[in-house]
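File shown here: run.cif, holding mmCIF, C-alpha atoms.
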data_upload
#
loop_
_atom_site.group_PDB
_atom_site.id
_atom_site.type_symbol
_atom_site.label_atom_id
_atom_site.label_comp_id
_atom_site.auth_asym_id
_atom_site.auth_seq_id
_atom_site.Cartn_x
_atom_site.Cartn_y
_atom_site.Cartn_z
ATOM 1 C CA MET A 1 6.319 -12.869 16.710
ATOM 2 C CA GLY A 2 8.018 -12.488 13.326
ATOM 3 C CA LYS A 3 4.773 -11.489 11.589
ATOM 4 C CA TYR A 4 4.022 -8.838 14.196
ATOM 5 C CA THR A 5 7.532 -7.425 13.899
ATOM 6 C CA LEU A 6 7.186 -7.269 10.106
ATOM 7 C CA ALA A 7 3.830 -5.504 10.311
ATOM 8 C CA ARG A 8 5.210 -2.973 12.802
ATOM 9 C CA GLN A 9 8.203 -2.285 10.550
ATOM 10 C CA LEU A 10 5.955 -1.691 7.534
ATOM 11 C CA SER A 11 3.347 0.462 9.248
ATOM 12 C CA GLY A 12 3.804 4.161 8.588
ATOM 13 C CA LYS A 13 6.157 3.751 5.628
ATOM 14 C CA LYS A 14 5.668 6.123 2.722
ATOM 15 C CA VAL A 15 4.259 4.495 -0.386
ATOM 16 C CA ILE A 16 5.585 5.880 -3.658
ATOM 17 C CA THR A 17 4.969 4.926 -7.264
ATOM 18 C CA ASN A 18 7.705 3.720 -9.580
ATOM 19 C CA ASP A 19 7.730 7.159 -11.214
ATOM 20 C CA GLY A 20 8.472 8.876 -7.894
ATOM 21 C CA GLU A 21 5.034 10.198 -6.939
ATOM 22 C CA GLU A 22 4.112 10.029 -3.254
ATOM 23 C CA PHE A 23 1.039 7.792 -3.186
ATOM 24 C CA GLY A 24 0.404 7.813 0.566
ATOM 25 C CA ARG A 25 1.306 6.187 3.888
ATOM 26 C CA LEU A 26 0.930 2.489 4.696
ATOM 27 C CA VAL A 27 -1.430 1.951 7.615
ATOM 28 C CA ASP A 28 -2.178 -1.788 7.474
ATOM 29 C CA VAL A 29 -1.924 -4.956 5.411
ATOM 30 C CA ASP A 30 -4.586 -7.510 4.482
ATOM 31 C CA ILE A 31 -3.281 -11.046 5.010
ATOM 32 C CA ASN A 32 -4.893 -14.254 3.765
ATOM 33 C CA GLU A 33 -5.505 -16.281 6.935
ATOM 34 C CA ILE A 34 -5.116 -19.600 5.146
ATOM 35 C CA THR A 35 -1.941 -18.979 3.132
ATOM 36 C CA GLY A 36 -0.396 -16.277 5.338
ATOM 37 C CA LYS A 37 0.400 -14.198 2.241
ATOM 38 C CA ILE A 38 -0.104 -10.453 2.059
ATOM 39 C CA GLU A 39 -2.948 -9.728 -0.360
ATOM 40 C CA GLU A 40 -3.373 -5.953 -0.118
ATOM 41 C CA LEU A 41 -1.760 -2.870 1.324
ATOM 42 C CA ILE A 42 -4.106 -0.470 3.072
ATOM 43 C CA VAL A 43 -2.853 3.033 2.401
ATOM 44 C CA GLU A 44 -3.845 6.467 3.653
ATOM 45 C CA PRO A 45 -3.764 8.315 0.319
ATOM 46 C CA ASN A 46 -1.838 11.503 -0.351
ATOM 47 C CA PRO A 47 -4.537 14.114 -1.106
ATOM 48 C CA ASP A 48 -2.208 15.717 -3.681
ATOM 49 C CA ASN A 49 -1.991 12.520 -5.750
ATOM 50 C CA PRO A 50 -4.889 12.179 -8.250
ATOM 51 C CA ALA A 51 -4.447 8.398 -8.676
ATOM 52 C CA ALA A 52 -4.549 7.859 -4.910
ATOM 53 C CA GLU A 53 -7.582 10.100 -4.531
ATOM 54 C CA GLU A 54 -9.348 8.212 -7.328
ATOM 55 C CA MET A 55 -8.795 4.918 -5.486
ATOM 56 C CA ARG A 56 -9.958 6.257 -2.100
ATOM 57 C CA GLY A 57 -12.765 4.084 -0.718
ATOM 58 C CA ASP A 58 -15.708 4.982 1.485
ATOM 59 C CA ASP A 59 -13.492 4.516 4.540
ATOM 60 C CA GLY A 60 -11.034 7.109 3.197
ATOM 61 C CA LEU A 61 -8.312 4.529 2.509
ATOM 62 C CA CYS A 62 -6.904 2.859 -0.622
ATOM 63 C CA ASN A 63 -6.579 -0.889 -1.030
ATOM 64 C CA CYS A 64 -3.565 -1.605 -3.234
ATOM 65 C CA PRO A 65 -2.980 -5.152 -4.492
ATOM 66 C CA TYR A 66 0.226 -6.667 -3.182
ATOM 67 C CA ASP A 67 1.075 -7.650 -6.770
ATOM 68 C CA ALA A 68 1.751 -3.933 -7.400
ATOM 69 C CA VAL A 69 4.624 -3.889 -4.869
ATOM 70 C CA LEU A 70 8.029 -3.671 -6.564
ATOM 71 C CA ALA A 71 10.274 -3.145 -3.525
ATOM 72 C CA VAL A 72 10.231 -2.493 0.205
ATOM 73 C CA GLY A 73 12.983 -0.568 1.943
ATOM 74 C CA ASP A 74 12.878 2.920 3.364
ATOM 75 C CA PHE A 75 9.770 3.291 1.174
ATOM 76 C CA VAL A 76 7.252 0.895 -0.325
ATOM 77 C CA ILE A 77 7.501 1.237 -4.104
ATOM 78 C CA ILE A 78 4.462 0.269 -6.154
ATOM 79 C CA GLU A 79 3.913 -0.117 -9.899
ATOM 80 C CA LYS A 80 1.504 2.639 -10.882
ATOM 81 C CA ARG A 81 0.081 0.737 -13.862
ATOM 82 C CA SER A 82 -0.844 -2.231 -11.626
ATOM 83 C CA LEU A 83 -3.201 -0.204 -9.461
ATOM 84 C CA LYS A 84 -6.925 -0.749 -9.830
ATOM 85 C CA HIS A 85 -8.912 2.411 -10.476
ATOM 86 C CA GLU A 86 -12.477 1.811 -9.297
#

Structure re-expressed in C-alpha cells:
Amino acid sequence: MGKYTLARQLSGKKVITNDGEEFGRLVDVDINEITGKIEELIVEPNPDNPAAEEMRGDDGLCNCPYDAVLAVGDFVIIEKRSLKHE
C-alpha cells in the first residue's frame, strides 16, 4: 500500500523548474517493474512554457527523466538543463 499512497500524494502536484518556471502538472510516474525505481515523470505540460511544449509527445504529455528531479515537497522541482528536448 505504501507505493499506492506515494503515487496518490504525487499525482496532481505542480512541476516547476529550478529557475521558477511552471513546467506543468504531474499526472503519472513510470516505474521499473524489476527494480521498483521511478524512471520518468509523466507531466501535463503548461502551454505557456516553451520548454514543456517542445517536449510534448504525440499523447500530449511530457516524459521527464527522474534524474532531473531535484526535490519533492509542495511542488516537484526539476533541473531544467537535465530535460531531454526531442

Handout entry: Residues selected by the PyMOL selection byres ((chain A and resi 14) around 7), written as a ChimeraX atom specification
Key = /A:12-13,15-16,24-26,75-76

Problem - Best match for closeness to A:Pro47 among A:Pro65, A:Gly20, A:Gly73, A:Gly60, counting all atoms listed in the file - result: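 Ranking A:Pro65, A:Gly20, A:Gly73, A:Gly60 by distance to A:Pro47, first place goes to A:Gly60.
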
Problem - A:Phe23 environment, 7 Å, all atoms listed in the file, sequence neighbours closer than 5 positions dropped, as a PyMOL selection string - result: chain A and resi 15-17+45-46+49+52

Using all atoms listed in the file, determine which residues lie at most 8 Å from stretch 39-42 of chain A, disregarding the query and same-chain residues fewer than 5 positions distant; provide the list as a tab-separated table (two decimals) with C-alpha atoms, keeping the file's coordinate frame.
chain	number	residue	atom	x	y	z
A	26	LEU	CA	0.93	2.49	4.70
A	27	VAL	CA	-1.43	1.95	7.62
A	28	ASP	CA	-2.18	-1.79	7.47
A	29	VAL	CA	-1.92	-4.96	5.41
A	30	ASP	CA	-4.59	-7.51	4.48
A	31	ILE	CA	-3.28	-11.05	5.01
A	32	ASN	CA	-4.89	-14.25	3.76
A	61	LEU	CA	-8.31	4.53	2.51
A	62	CYS	CA	-6.90	2.86	-0.62
A	63	ASN	CA	-6.58	-0.89	-1.03
A	64	CYS	CA	-3.56	-1.60	-3.23
A	65	PRO	CA	-2.98	-5.15	-4.49
A	66	TYR	CA	0.23	-6.67	-3.18
A	67	ASP	CA	1.08	-7.65	-6.77

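Going from atom CA of A:Ala68 over to atom CA of A:Leu83, you cover 6.5 Å.
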
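When atom CA of A:Asp59 is paired with atom CA of A:Gln9, their separation reads 23.5 Å.
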
Exercise for the section: May I ask which of the residues A:Glu79, A:Glu22, A:Glu33, A:Asp74 is the closest one to A:Asp48, counting all atoms listed in the file? Expected result: A:Glu22

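The residue that comes closest to A:Val43, out of A:Asn18, A:Leu70, A:Ser11, A:Asp58 and on the basis of all atoms listed in the file, is A:Ser11.
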
Exercise for the section: Enter the distance from atom CA of A:Glu21 to atom CA of A:Lys80, in Å, rounded to one decimal. Expected result: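 Here the two named atoms are 9.2 Å from each other.
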
To box stretch 65-77 of chain A, take all atoms listed in the file, fit an axis-aligned box, add 3 Å on each side, and give centre and edge lengths in Å to one decimal, as AutoDock Vina command-line options.
--center_x 5.0 --center_y -2.2 --center_z -2.0 --size_x 22.0 --size_y 16.9 --size_z 16.8
